[in-house]
Amino acid sequence: MIPRVTATVDLGAIRHNLARVRELAPASRVMAAVKAEAYGHGAVPVARALVDAGADTLAVACMEEAQALLEAHVQAPIALLEGVISADEAALAAYEGLQVVVHDFWQIELLEAMPAASNIALWFKLDSGMHRLGFPLDAVPALQQVLRRHPAWRFQGWITHLARADETDSTATQDQIAAFDAALEAVPGPRSIANSAGLIAWPQARRDWVRPGLALYGASPLPGQTGADLGFRPALRLESRLLAVRSYPAGSPIGYGAHYICPQTMPIGVVAVGYADGVHRCLPNGTPVIIRGRRVPLAGRVSMDMISVDLRGVPEARVGDPVLIWGEGLPAEEIAHCAGTLAYELFCGLTNRVRFRYVGQR
Ligand SMILES: *Cc1c(COP(=O)(O)O)cnc(C)c1O
């Protein structure tokens with residue numbers, strides 16, 4: 001049986017992208033972000049490939065995501081980017097040997113209240129200007145006191161997160177880095193600043209650790225540049241098939257709301273993929289897909305299970321032809337741009353109706 005919609009994830013591309021990160025930041029260790037099901041690519045197979053390729057630590061958002069990796073026996077240190085939210089979670093983190101990114105004093109209290117946390121591994125996250133999570137910069141002396149009180153705690157380092165690293169003409173990133181450095185002047189401990197955009201666009205942000213996510217999946221965090229432009233390889237190919245090919249006379253409305261009107265007698269193809277698979281409903285007429293090596297434009301509203309496309313450019317297209325929705329040759333960044341969003345959200349929007357296939361295992 002041929003699956004209706006297939007996401008083919010090339011683990012070789014994931015390994016290549018990790019190698020590309022190392023090329024950009026050769027002196028840094030890599031904390032690889034596999035949160036949100038490895039950005040929709042599948043947490044366990046991707047984590048295994050990253051560990052196999054030498055990722056130093058894996059990063060997840062929360063305990064549930066860490067547990068999925070533990071249950072699959074993924075052999076690597078795992079960091080909880082949002083830390084722990086309860087005494088139970090703190091106990092579990094200590095028991096499982098997880099690294100906890102601590103961003104507030106109430107989390108320190110959770111750890112201090114717990115004998116099991118006697119040798120907890122932790123990072124401290126500082127707010128250098130993003131104003132989301134993190135201790136204020138003037139808390140550094142108090143945090144050093146905390147570490148002195150708990151010599152058995154295994155301190156991993158100081159983290160901060162960049163708010164505008166994708167804006168290469170903004171001074172915000174330099175300001176954040178300067179503030180972080182000033183707060184930590186003469187303070188010991190490894191530093192980590194850069195996400196993908198940071199490590200690609202801001203060499204001064206490549207410190208002891210870099211924390212790439214998006215780039216590992218081959219997409220670019222920088223507007224106007226694709227992952228391929230930056231030496232990365234898209235790791236996921238989303239494909240479906242032509243389910244129908246019809247010819248309609250000029251003036252025919254196509255799909256819900258007559259969102260497209262045929263300007264001439266023309267072939268329209270119906271592709272078996274829709275917003276219930278992760279193809280955003282807001283994609284406008286003209287958004288490209290690839291059939292028989294050629295780009296053809298979306299014609300009409302995305303519906304739950306189907307899209308319609310203008311086949312004038314590929315009149316030889318037939319029912320059953322593969323249709324590339326995004327992947328190598330049709331960057332997810334470009335489709336995301338058509339949807340008014342980023343590749344991040346496109347990836348995370350893939351649903352469990354999509355059949356995942358993994359290639360490029362070693
Ligand atoms: C998700 C995340 C990253 C990775 O970000 P990308 O932009 O995908 O590279 C790095 N650091 C933190 C704290 C994160 O939450």
# chains A, B, ... in the order shown; residues from 1 in each chain; ligands from 1
>>> select_by_dssp(residues="segment 125-270 of chain A", states="alpha helix (DSSP H)", output="PyMOL selection string")
chain A and resi 140-149+172-183+196-201
>>> residues_around(residues="segment 282-285 of chain A", least_positions_apart="5", cutoff="10 Å", atoms="only C-alpha atoms", output="ChimeraX atom specification")
/A:259-260,275,297-302,308-310,335-340
>>> residues_near_ligand(ligand="ligand 1", cutoff="6 Å", atoms="only C-alpha atoms and all ligand atoms", output="list in words")
Ala33, Leu81, His161, Asn195, Ser196, Arg211, Pro212, Gly213 and Leu214 of chain A
>>> residues_around(residues="Leu11 of chain A", least_positions_apart="6", cutoff="9 Å", atoms="only C-alpha atoms", output="PyMOL selection string")
chain A and resi 45-46+49-50+235+358-362
>>> select_by_dssp(residues="segment 54-296 of chain A", states="strand (DSSP E)", output="ChimeraX atom specification")
/A:57-60,78-80,99-102,121-127,135-136,154-159,191-192,209-210,236-248,253-254,260-261,266-271,288-291,294-296
>>> residues_around(residues="segment 177-189 of chain A", least_positions_apart="6", cutoff="6 Å", atoms="only C-alpha atoms", output="list in words")
Ser128, Leu137 and Gly157 of chain A
>>> write_last_selection(atoms="all heavy atoms", output="PDB file, in the first residue's frame")
ATOM      1  N   SER A 128      19.206  38.284  29.245  1.00  0.00           N
ATOM      2  CA  SER A 128      20.081  39.379  28.799  1.00  0.00           C
ATOM      3  C   SER A 128      19.342  40.362  27.895  1.00  0.00           C
ATOM      4  O   SER A 128      19.949  41.232  27.286  1.00  0.00           O
ATOM      5  CB  SER A 128      21.297  38.807  28.070  1.00  0.00           C
ATOM      6  OG  SER A 128      20.869  38.060  26.939  1.00  0.00           O
ATOM      7  N   LEU A 137      20.101  39.931  35.225  1.00  0.00           N
ATOM      8  CA  LEU A 137      21.567  39.848  35.213  1.00  0.00           C
ATOM      9  C   LEU A 137      22.173  40.156  36.578  1.00  0.00           C
ATOM     10  O   LEU A 137      23.212  39.615  36.931  1.00  0.00           O
ATOM     11  CB  LEU A 137      22.128  40.797  34.148  1.00  0.00           C
ATOM     12  CG  LEU A 137      21.737  40.418  32.711  1.00  0.00           C
ATOM     13  CD1 LEU A 137      22.191  41.494  31.733  1.00  0.00           C
ATOM     14  CD2 LEU A 137      22.329  39.059  32.321  1.00  0.00           C
ATOM     15  N   GLY A 157      26.783  25.432  33.449  1.00  0.00           N
ATOM     16  CA  GLY A 157      27.151  26.700  32.827  1.00  0.00           C
ATOM     17  C   GLY A 157      26.016  27.713  32.816  1.00  0.00           C
ATOM     18  O   GLY A 157      24.933  27.483  33.359  1.00  0.00           O
TER      19      GLY A 157
END
>>> closest_residue(among="A:Ile290, A:Met1, A:Leu133, A:Ala205", to="Asp175 of chain A", atoms="only C-alpha atoms")
A:Ala205
>>> closest_residue(among="A:Ala93, A:Leu58, A:Leu216, A:Val140", to="Tyr344 of chain A", atoms="only C-alpha atoms")
A:Leu216
>>> closest_residue(among="A:Asp321, A:Asp277, A:Glu82, A:Glu334", to="Leu350 of chain A", atoms="only C-alpha atoms")
A:Asp277
>>> closest_residue(among="A:Leu92, A:Ala142, A:Val271, A:Met304", to="Ile325 of chain A", atoms="only C-alpha atoms")
A:Val271
>>> residues_around(residues="Pro322 of chain A", least_positions_apart="4", cutoff="9 Å", atoms="only C-alpha atoms", output="VMD selection string")
chain A and resid 239 to 242 290 to 292
>>> residues_around(residues="His150 of chain A", least_positions_apart="2", cutoff="12 Å", atoms="only C-alpha atoms", output="PyMOL selection string")
chain A and resi 108+111-112+115+117-122+143-148+152-155
>>> residues_around(residues="Ala25 of chain A", least_positions_apart="3", cutoff="10 Å", atoms="only C-alpha atoms", output="VMD selection string")
chain A and resid 19 to 22 28 to 30 199 to 200 203 205 to 210
>>> closest_residue(among="A:Asp56, A:Glu333, A:Asp88, A:Glu96", to="Leu69 of chain A", atoms="only C-alpha atoms")
A:Glu96
>>> atom_distance(atom1="atom CA of Gly97 of chain A", atom2="atom CA of Pro77 of chain A")
7.9 Å
>>> closest_residue(among="A:Glu65, A:Glu167, A:Glu23, A:Glu316", to="Ala38 of chain A", atoms="only C-alpha atoms")
A:Glu65
